[in-house]
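Undergrad: Mind having a look at this structure? Questions to follow.
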Amino acid sequence: RVQEMVQALQLCHAMDKTAELYQRRLQQLVRMTVRTTIAEFVESSGSGGSGGVTGMTYPAFFNCLQLLIEEIQSILRVAFSVDEFCQAEGILEDASGEQQQRHRWTAESVSHGADLATKSIAELLRLRKESHSLITQAEMKQLWDTCLAFTVAMEGYCNNTRAVSLRSTLVGQA
């Protein structure tokens with residue numbers, strides 16, 4: 001049934017538009033998750049939005065970060081599963097079995113989503129750089145370990161390209 005839909009999209013010359021919409025929607029989902037998770041934690045932390053993410057205590061920020069990472073990983077895991085399904089079922093391959101457009105656009109969308117996710121987390125850490133200069137070594141290790149595990153997971157979705165922005169932000173705060 002999925003193959004029939006793909007063939008219909010190809011007949012209508014709508015595959016490029018579908019790929020573009022899929023990638024855009026995945027990135028919107030990552031952005032919306034970042035925004036809403038942070039907004040909810042800022043509101044619940046009692047800072048009233050005056051300090052935003054920089055006004056959070058470290059424990060509140062770390063809880064926010066853990067939830068955010070969990071949600072982003074969930075989103076990208078589903079998108080990655082879609083890509084694996086397309087690869088396993090031969091969807092997005094032409095009749096000779098060759099991959100279309102060199103790379104499946106589903107894989108490219110996951111890669112772009114993971115890149116956006118690492119840049120978003122890096123920006124959060126950058127905003128809190130001053131606050132993180134005051135945390136204990138144990139808290140910094142906890143933050144580092146959590147972010148590094150996330151980085152490695154996201155690099156797996158990015159065709160083994162490095163999440164340079166997040167890695168450099170982590171090194172800058174160590």
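Naming scheme: A, B, ... for chains in displayed order of the structure tokens; residues 1 onward per chain; ligands 1 onward as shown.
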Can you list every residue in segment 4-174 of chain A that DSSP puts in helix (DSSP H, G or I), as a PyMOL selection string?
TA: chain A and resi 4-11+15-44+52-55+58-89+105-127+129-132+137-157+164-173
Undergrad: Can those selected residues be exported to a file as a compact mmCIF listing (two decimals), in the first residue's frame so that it contains C-alpha atoms?
TA:
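Output below, filename result15.txt:
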```
# COMPACT_ATOMS: atom_id res chain seq x y z
CA GLU A 4 1.27 2.42 -4.30
CA MET A 5 1.27 5.83 -2.62
CA VAL A 6 4.93 6.37 -3.54
CA GLN A 7 4.19 5.43 -7.15
CA ALA A 8 1.25 7.86 -7.21
CA LEU A 9 3.46 10.64 -5.86
CA GLN A 10 6.07 9.84 -8.50
CA LEU A 11 3.46 9.90 -11.27
CA MET A 15 8.02 13.34 -4.51
CA ASP A 16 10.33 16.36 -4.14
CA LYS A 17 7.54 18.38 -2.56
CA THR A 18 6.71 15.49 -0.23
CA ALA A 19 10.34 15.22 0.84
CA GLU A 20 10.51 18.96 1.48
CA LEU A 21 7.30 18.93 3.54
CA TYR A 22 8.43 15.90 5.56
CA GLN A 23 11.78 17.50 6.40
CA ARG A 24 10.18 20.83 7.27
CA ARG A 25 7.61 19.16 9.52
CA LEU A 26 10.25 17.15 11.35
CA GLN A 27 12.27 20.31 12.01
CA GLN A 28 9.15 22.16 13.17
CA LEU A 29 8.43 19.33 15.57
CA VAL A 30 11.93 19.57 17.06
CA ARG A 31 11.66 23.38 17.38
CA MET A 32 8.20 23.21 18.94
CA THR A 33 9.35 20.55 21.42
CA VAL A 34 12.30 22.71 22.48
CA ARG A 35 10.14 25.81 22.85
CA THR A 36 7.27 24.23 24.75
CA THR A 37 9.43 22.13 27.07
CA ILE A 38 11.49 25.14 28.09
CA ALA A 39 8.42 27.35 28.46
CA GLU A 40 6.72 24.82 30.73
CA PHE A 41 9.80 24.44 32.92
CA VAL A 42 10.35 28.21 33.15
CA GLU A 43 6.73 28.67 34.18
CA SER A 44 6.82 25.85 36.73
CA GLY A 52 13.97 32.39 31.10
CA VAL A 53 16.32 29.46 30.88
CA THR A 54 19.13 31.51 32.43
CA GLY A 55 17.02 32.17 35.52
CA TYR A 58 20.69 24.05 37.98
CA PRO A 59 18.41 21.19 39.20
CA ALA A 60 15.45 22.70 37.35
CA PHE A 61 17.53 23.21 34.20
CA PHE A 62 18.94 19.70 34.35
CA ASN A 63 15.45 18.20 34.71
CA CYS A 64 14.31 20.33 31.77
CA LEU A 65 17.31 19.22 29.73
CA GLN A 66 16.70 15.54 30.50
CA LEU A 67 13.05 15.77 29.46
CA LEU A 68 13.95 17.75 26.36
CA ILE A 69 16.57 15.22 25.30
CA GLU A 70 14.15 12.35 25.91
CA GLU A 71 11.45 14.02 23.80
CA ILE A 72 13.82 14.90 20.96
CA GLN A 73 15.23 11.39 20.91
CA SER A 74 11.71 9.99 20.76
CA ILE A 75 10.84 12.18 17.78
CA LEU A 76 14.00 11.28 15.91
CA ARG A 77 13.70 7.58 16.78
CA VAL A 78 10.30 7.51 15.05
CA ALA A 79 11.68 9.34 12.01
CA PHE A 80 14.64 6.95 11.92
CA SER A 81 12.22 4.01 12.06
CA VAL A 82 10.39 5.42 9.05
CA ASP A 83 13.70 5.60 7.19
CA GLU A 84 14.62 2.04 8.18
CA PHE A 85 11.21 0.85 7.02
CA CYS A 86 11.68 2.56 3.65
CA GLN A 87 15.09 0.98 3.28
CA ALA A 88 13.96 -2.51 4.33
CA GLU A 89 10.90 -2.49 2.07
CA TRP A 105 15.25 11.77 1.58
CA THR A 106 13.92 10.14 4.73
CA ALA A 107 17.52 9.59 5.91
CA GLU A 108 18.44 13.15 4.96
CA SER A 109 15.46 14.47 6.95
CA VAL A 110 16.52 12.55 10.05
CA SER A 111 20.05 13.88 9.64
CA HIS A 112 18.82 17.48 9.41
CA GLY A 113 16.54 16.96 12.41
CA ALA A 114 19.42 15.59 14.49
CA ASP A 115 21.62 18.50 13.45
CA LEU A 116 18.94 20.99 14.50
CA ALA A 117 18.53 19.15 17.82
CA THR A 118 22.24 19.34 18.66
CA LYS A 119 22.37 23.01 17.72
CA SER A 120 19.33 23.72 19.92
CA ILE A 121 20.88 22.01 22.94
CA ALA A 122 24.18 23.79 22.27
CA GLU A 123 22.35 27.13 22.26
CA LEU A 124 20.70 26.33 25.61
CA LEU A 125 24.08 25.52 27.10
CA ARG A 126 25.58 28.68 25.61
CA LEU A 127 22.82 30.78 27.19
CA LYS A 129 27.39 29.47 30.32
CA GLU A 130 27.66 31.97 33.17
CA SER A 131 25.29 29.96 35.38
CA HIS A 132 27.28 26.80 34.69
CA GLN A 137 32.31 19.61 39.53
CA ALA A 138 29.87 16.72 40.11
CA GLU A 139 27.04 18.72 38.51
CA MET A 140 29.28 19.64 35.56
CA LYS A 141 30.17 15.96 35.09
CA GLN A 142 26.47 15.07 35.21
CA LEU A 143 25.70 17.74 32.59
CA TRP A 144 28.67 16.72 30.45
CA ASP A 145 27.78 13.00 30.55
CA THR A 146 24.14 13.66 29.66
CA CYS A 147 25.00 15.97 26.77
CA LEU A 148 27.77 13.75 25.46
CA ALA A 149 25.47 10.70 25.40
CA PHE A 150 22.92 12.81 23.50
CA THR A 151 25.63 14.01 21.11
CA VAL A 152 26.76 10.48 20.31
CA ALA A 153 23.16 9.38 19.70
CA MET A 154 22.50 12.31 17.36
CA GLU A 155 25.74 11.75 15.47
CA GLY A 156 24.47 8.25 14.72
CA TYR A 157 21.51 9.81 12.91
CA VAL A 164 30.61 20.17 16.31
CA SER A 165 28.48 22.94 17.81
CA LEU A 166 27.42 20.88 20.81
CA ARG A 167 30.87 19.37 21.35
CA SER A 168 32.56 22.76 21.23
CA THR A 169 30.00 24.27 23.60
CA LEU A 170 30.62 21.44 26.06
CA VAL A 171 34.39 21.90 25.85
CA GLY A 172 33.96 25.66 26.35
CA GLN A 173 32.07 25.07 29.59
```
